[in-house]
Amino acid sequence: MEIKEILYNSIDNHSKYIVSDIAQGKSSEVIETICKECKKQLGELEGNKSEILGTFAEGLMHYLLTTALIPSQRKITFNDVYVDISIPDVKILGISPQDALIISFPKTNDASTIKNRLTEFTKIQPNKENIWFVLENEIDIGTRIYAINNKESFSFSNIINDIIGFLTNKKQSKLKLFGI
């Protein structure tokens, strides 16, 4: 089974409740349930585990961002820097970086590789607190890490709630969310 098949089989099993759970602020439970359900099958796949989990997490994020109607741009290059996800978009990132997030899925747990990506991102996002990485395991590189294998405060399961919290304080994002 491929990563996408594993992910979408699990999403299909929970699709009746995903939207209402996110609307009720229960996205962490949704993410935790889907991750738990998929980890055994993902663990049986051959290949680099960080890459497999990173690809899975990125696919889940794309689905959840769309489902939660969170404005984002995905898989784009901005000022010669490749970005996995920009919230709300690179236009805001360019004119008001304090109001934009970059989320990266490096698909490795190699600290030097991730630090190099962080340095690259600071060229377009000077606010390090607005650069978030999703990794297999937590490492300390001086910015926020959402670990797929962590159940603490920056567990991957909390990322949608944290994005919503971030956007709540941003005037232009509120307007986009309501189509104004």
# chains A, B, ... in the order shown; residues from 1 in each chain; ligands from 1
>>> closest_atom_pairs(of="region 89-118 of chain A", to="region 71-74 of chain A", cutoff="12 Å", atoms="only C-alpha atoms", output="CSV")
residue,atom,partner,partner_atom,distance
A:Asp89,CA,A:Gln73,CA,5.2
A:Val90,CA,A:Gln73,CA,7.2
A:Lys91,CA,A:Gln73,CA,9.9
A:Ile92,CA,A:Ser72,CA,10.6
A:Leu93,CA,A:Gln73,CA,10.8
A:Ala100,CA,A:Ser72,CA,9.7
A:Leu101,CA,A:Ser72,CA,9.3
A:Ile102,CA,A:Ser72,CA,9.8
A:Ile103,CA,A:Arg74,CA,9.5
A:Ser104,CA,A:Arg74,CA,10.2
A:Phe105,CA,A:Arg74,CA,11.5
>>> residues_around(residues="Arg144 (chain A)", least_positions_apart="4", cutoff="7 Å", atoms="only C-alpha atoms", output="number ranges by chain")
A: 129, 131-133
>>> write_last_selection(atoms="N, CA, C and O atoms", output="tab-separated table (two decimals), in the first residue's frame")
chain	number	residue	atom	x	y	z
A	129	GLU	N	9.90	32.63	14.72
A	129	GLU	CA	8.75	32.00	15.40
A	129	GLU	C	7.62	31.70	14.41
A	129	GLU	O	6.69	30.97	14.74
A	131	ILE	N	8.24	30.22	11.50
A	131	ILE	CA	8.75	29.12	10.67
A	131	ILE	C	8.57	27.85	11.49
A	131	ILE	O	9.17	27.71	12.56
A	132	TRP	N	7.74	26.96	11.01
A	132	TRP	CA	7.43	25.72	11.72
A	132	TRP	C	7.87	24.53	10.89
A	132	TRP	O	7.64	24.49	9.68
A	133	PHE	N	8.49	23.57	11.54
A	133	PHE	CA	8.90	22.33	10.88
A	133	PHE	C	8.08	21.17	11.42
A	133	PHE	O	7.78	21.11	12.62
>>> atom_distance(atom1="CA of Ile18 (chain A)", atom2="CA of Thr108 (chain A)")
28.5 Å
>>> residues_around(residues="Gly47 (chain A)", least_positions_apart="6", cutoff="12 Å", atoms="only C-alpha atoms", output="list in words")
Glu2, Ile3, Leu53, Thr55 and Lys107 of chain A
>>> write_last_selection(atoms="N, CA and C atoms", output="mmCIF file, in the first residue's frame")
data_model
loop_
_atom_site.group_PDB
_atom_site.id
_atom_site.type_symbol
_atom_site.label_atom_id
_atom_site.label_comp_id
_atom_site.auth_asym_id
_atom_site.auth_seq_id
_atom_site.Cartn_x
_atom_site.Cartn_y
_atom_site.Cartn_z
ATOM 1 N N GLU A 2 0.475 2.225 -0.762
ATOM 2 C CA GLU A 2 1.205 3.482 -0.818
ATOM 3 C C GLU A 2 0.785 4.401 0.324
ATOM 4 N N ILE A 3 1.601 5.410 0.583
ATOM 5 C CA ILE A 3 1.344 6.352 1.680
ATOM 6 C C ILE A 3 -0.015 7.029 1.507
ATOM 7 N N LEU A 53 7.007 9.208 7.060
ATOM 8 C CA LEU A 53 6.160 9.956 7.998
ATOM 9 C C LEU A 53 5.986 11.408 7.568
ATOM 10 N N THR A 55 6.030 12.577 4.448
ATOM 11 C CA THR A 55 5.123 12.578 3.301
ATOM 12 C C THR A 55 3.683 12.383 3.765
ATOM 13 N N LYS A 107 11.395 15.949 5.752
ATOM 14 C CA LYS A 107 11.456 14.496 5.542
ATOM 15 C C LYS A 107 12.818 13.900 5.905
#
>>> closest_atom_pairs(of="region 19-101 of chain A", to="region 160-163 of chain A", cutoff="12 Å", atoms="only C-alpha atoms", output="Markdown table")
| residue | atom | partner | partner_atom | distance |
| --- | --- | --- | --- | --- |
| A:Asp21 | CA | A:Asn161 | CA | 11.3 |
| A:Ile22 | CA | A:Asn161 | CA | 8.4 |
| A:Ala23 | CA | A:Asn161 | CA | 10.2 |
| A:Gln24 | CA | A:Asn161 | CA | 10.4 |
| A:Gly25 | CA | A:Asn161 | CA | 6.8 |
| A:Lys26 | CA | A:Asn161 | CA | 8.0 |
| A:Ser27 | CA | A:Ile160 | CA | 6.4 |
| A:Ser28 | CA | A:Asn161 | CA | 7.1 |
| A:Glu29 | CA | A:Asn161 | CA | 10.5 |
| A:Val30 | CA | A:Ile160 | CA | 10.1 |
| A:Ile31 | CA | A:Ile160 | CA | 8.8 |
| A:Glu32 | CA | A:Ile160 | CA | 11.6 |
| A:Ala57 | CA | A:Ile160 | CA | 12.0 |
| A:Leu60 | CA | A:Ile160 | CA | 10.7 |
| A:Met61 | CA | A:Ile160 | CA | 8.2 |
| A:His62 | CA | A:Ile160 | CA | 10.9 |
| A:Tyr63 | CA | A:Ile160 | CA | 11.2 |
| A:Leu64 | CA | A:Ile160 | CA | 7.7 |
| A:Leu65 | CA | A:Ile160 | CA | 7.8 |
| A:Thr66 | CA | A:Ile160 | CA | 11.2 |
| A:Thr67 | CA | A:Ile160 | CA | 10.8 |
| A:Ala68 | CA | A:Ile160 | CA | 8.6 |
| A:Leu69 | CA | A:Ile160 | CA | 11.1 |
| A:Ile70 | CA | A:Ile163 | CA | 8.5 |
| A:Pro71 | CA | A:Ile163 | CA | 10.5 |
| A:Ser72 | CA | A:Ile163 | CA | 10.8 |
| A:Ile85 | CA | A:Ile163 | CA | 11.8 |
| A:Ser86 | CA | A:Ile163 | CA | 11.2 |
| A:Ile87 | CA | A:Ile163 | CA | 8.5 |
| A:Pro88 | CA | A:Ile163 | CA | 10.0 |
| A:Asp99 | CA | A:Ile163 | CA | 11.4 |
| A:Ala100 | CA | A:Ile163 | CA | 10.2 |
| A:Leu101 | CA | A:Ile163 | CA | 8.4 |
>>> atom_distance(atom1="CA of Phe78 (chain A)", atom2="CA of Glu120 (chain A)")
11.2 Å
>>> atom_distance(atom1="CA of Ile139 (chain A)", atom2="CA of Glu44 (chain A)")
24.4 Å
>>> select_by_dssp(residues="chain A", states="strand (DSSP E or B)", output="MDAnalysis selection string")
chainID A and resid 73:78 81:87 101:104 131:135 144:147 155
>>> residues_around(residues="region 39-42 of chain A", least_positions_apart="5", cutoff="12 Å", atoms="only C-alpha atoms", output="VMD selection string")
chain A and resid 1 to 7 9 to 10 31 to 34 47 to 57 136 148 to 149
>>> closest_residue(among="A:Lys123, A:Ile76, A:Phe166, A:Ala147", to="Gln98 (chain A)", atoms="only C-alpha atoms")
A:Phe166
>>> select_by_dssp(residues="region 13-176 of chain A", states="helix (DSSP H, G or I)", output="JSON, numbers by chain")
{"A": [13, 14, 15, 16, 17, 18, 19, 20, 21, 22, 23, 27, 28, 29, 30, 31, 32, 33, 34, 35, 36, 37, 38, 39, 40, 41, 42, 43, 44, 49, 50, 51, 52, 53, 54, 55, 56, 57, 58, 59, 60, 61, 62, 63, 64, 65, 66, 67, 90, 91, 92, 93, 94, 95, 97, 98, 99, 111, 112, 113, 114, 115, 116, 117, 118, 119, 120, 121, 128, 129, 130, 156, 157, 158, 159, 160, 161, 162, 163, 164, 165, 166, 167, 168, 171, 172, 173, 174, 175, 176]}
>>> decode(residues="region 49-118 of chain A", atoms="C-alpha atoms", output="mmCIF file, in the first residue's frame")
data_model
loop_
_atom_site.group_PDB
_atom_site.id
_atom_site.type_symbol
_atom_site.label_atom_id
_atom_site.label_comp_id
_atom_site.auth_asym_id
_atom_site.auth_seq_id
_atom_site.Cartn_x
_atom_site.Cartn_y
_atom_site.Cartn_z
ATOM 1 C CA LYS A 49 10.977 6.329 8.028
ATOM 2 C CA SER A 50 11.432 10.110 8.300
ATOM 3 C CA GLU A 51 10.570 10.451 4.618
ATOM 4 C CA ILE A 52 7.525 8.165 4.910
ATOM 5 C CA LEU A 53 6.160 9.956 7.998
ATOM 6 C CA GLY A 54 6.939 13.388 6.546
ATOM 7 C CA THR A 55 5.123 12.578 3.301
ATOM 8 C CA PHE A 56 2.162 11.239 5.291
ATOM 9 C CA ALA A 57 2.046 14.332 7.547
ATOM 10 C CA GLU A 58 2.275 16.686 4.566
ATOM 11 C CA GLY A 59 -0.587 14.901 2.793
ATOM 12 C CA LEU A 60 -2.701 15.032 5.953
ATOM 13 C CA MET A 61 -1.927 18.757 6.373
ATOM 14 C CA HIS A 62 -2.984 19.525 2.799
ATOM 15 C CA TYR A 63 -6.269 17.715 3.374
ATOM 16 C CA LEU A 64 -6.916 19.394 6.742
ATOM 17 C CA LEU A 65 -6.064 22.896 5.497
ATOM 18 C CA THR A 66 -8.569 22.466 2.678
ATOM 19 C CA THR A 67 -11.203 20.949 4.960
ATOM 20 C CA ALA A 68 -10.789 23.673 7.582
ATOM 21 C CA LEU A 69 -10.893 26.391 4.886
ATOM 22 C CA ILE A 70 -7.546 27.752 6.056
ATOM 23 C CA PRO A 71 -6.033 29.939 3.330
ATOM 24 C CA SER A 72 -2.687 28.621 2.168
ATOM 25 C CA GLN A 73 -0.352 28.199 -0.764
ATOM 26 C CA ARG A 74 1.422 24.919 -1.215
ATOM 27 C CA LYS A 75 4.592 23.748 -2.920
ATOM 28 C CA ILE A 76 5.704 27.133 -4.208
ATOM 29 C CA THR A 77 8.944 28.994 -4.757
ATOM 30 C CA PHE A 78 9.171 32.509 -3.364
ATOM 31 C CA ASN A 79 12.282 34.624 -3.986
ATOM 32 C CA ASP A 80 14.171 31.457 -5.016
ATOM 33 C CA VAL A 81 13.237 29.628 -1.781
ATOM 34 C CA TYR A 82 11.063 26.515 -2.035
ATOM 35 C CA VAL A 83 8.216 26.517 0.516
ATOM 36 C CA ASP A 84 6.045 23.504 1.324
ATOM 37 C CA ILE A 85 3.190 25.581 2.805
ATOM 38 C CA SER A 86 2.727 29.326 3.238
ATOM 39 C CA ILE A 87 -0.191 30.566 5.336
ATOM 40 C CA PRO A 88 -2.078 32.568 4.241
ATOM 41 C CA ASP A 89 0.007 33.107 1.057
ATOM 42 C CA VAL A 90 3.317 34.426 -0.269
ATOM 43 C CA LYS A 91 1.815 37.841 -1.017
ATOM 44 C CA ILE A 92 1.282 38.380 2.723
ATOM 45 C CA LEU A 93 4.662 36.769 3.426
ATOM 46 C CA GLY A 94 6.293 39.367 1.169
ATOM 47 C CA ILE A 95 4.524 42.465 2.479
ATOM 48 C CA SER A 96 3.797 41.506 6.094
ATOM 49 C CA PRO A 97 5.921 38.536 7.218
ATOM 50 C CA GLN A 98 4.738 38.843 10.837
ATOM 51 C CA ASP A 99 1.299 37.808 9.554
ATOM 52 C CA ALA A 100 2.485 34.733 7.630
ATOM 53 C CA LEU A 101 3.619 31.227 8.499
ATOM 54 C CA ILE A 102 5.961 28.907 6.682
ATOM 55 C CA ILE A 103 5.469 25.213 7.373
ATOM 56 C CA SER A 104 8.119 22.805 6.161
ATOM 57 C CA PHE A 105 8.255 19.010 5.936
ATOM 58 C CA PRO A 106 11.983 18.300 5.421
ATOM 59 C CA LYS A 107 11.456 14.496 5.542
ATOM 60 C CA THR A 108 14.662 14.016 7.489
ATOM 61 C CA ASN A 109 15.725 14.313 11.106
ATOM 62 C CA ASP A 110 19.247 15.426 10.195
ATOM 63 C CA ALA A 111 19.800 18.558 12.280
ATOM 64 C CA SER A 112 22.315 20.178 9.917
ATOM 65 C CA THR A 113 20.015 19.755 6.900
ATOM 66 C CA ILE A 114 17.115 21.263 8.833
ATOM 67 C CA LYS A 115 19.262 24.137 10.146
ATOM 68 C CA ASN A 116 20.269 24.891 6.543
ATOM 69 C CA ARG A 117 16.577 25.017 5.568
ATOM 70 C CA LEU A 118 15.905 27.339 8.515
#
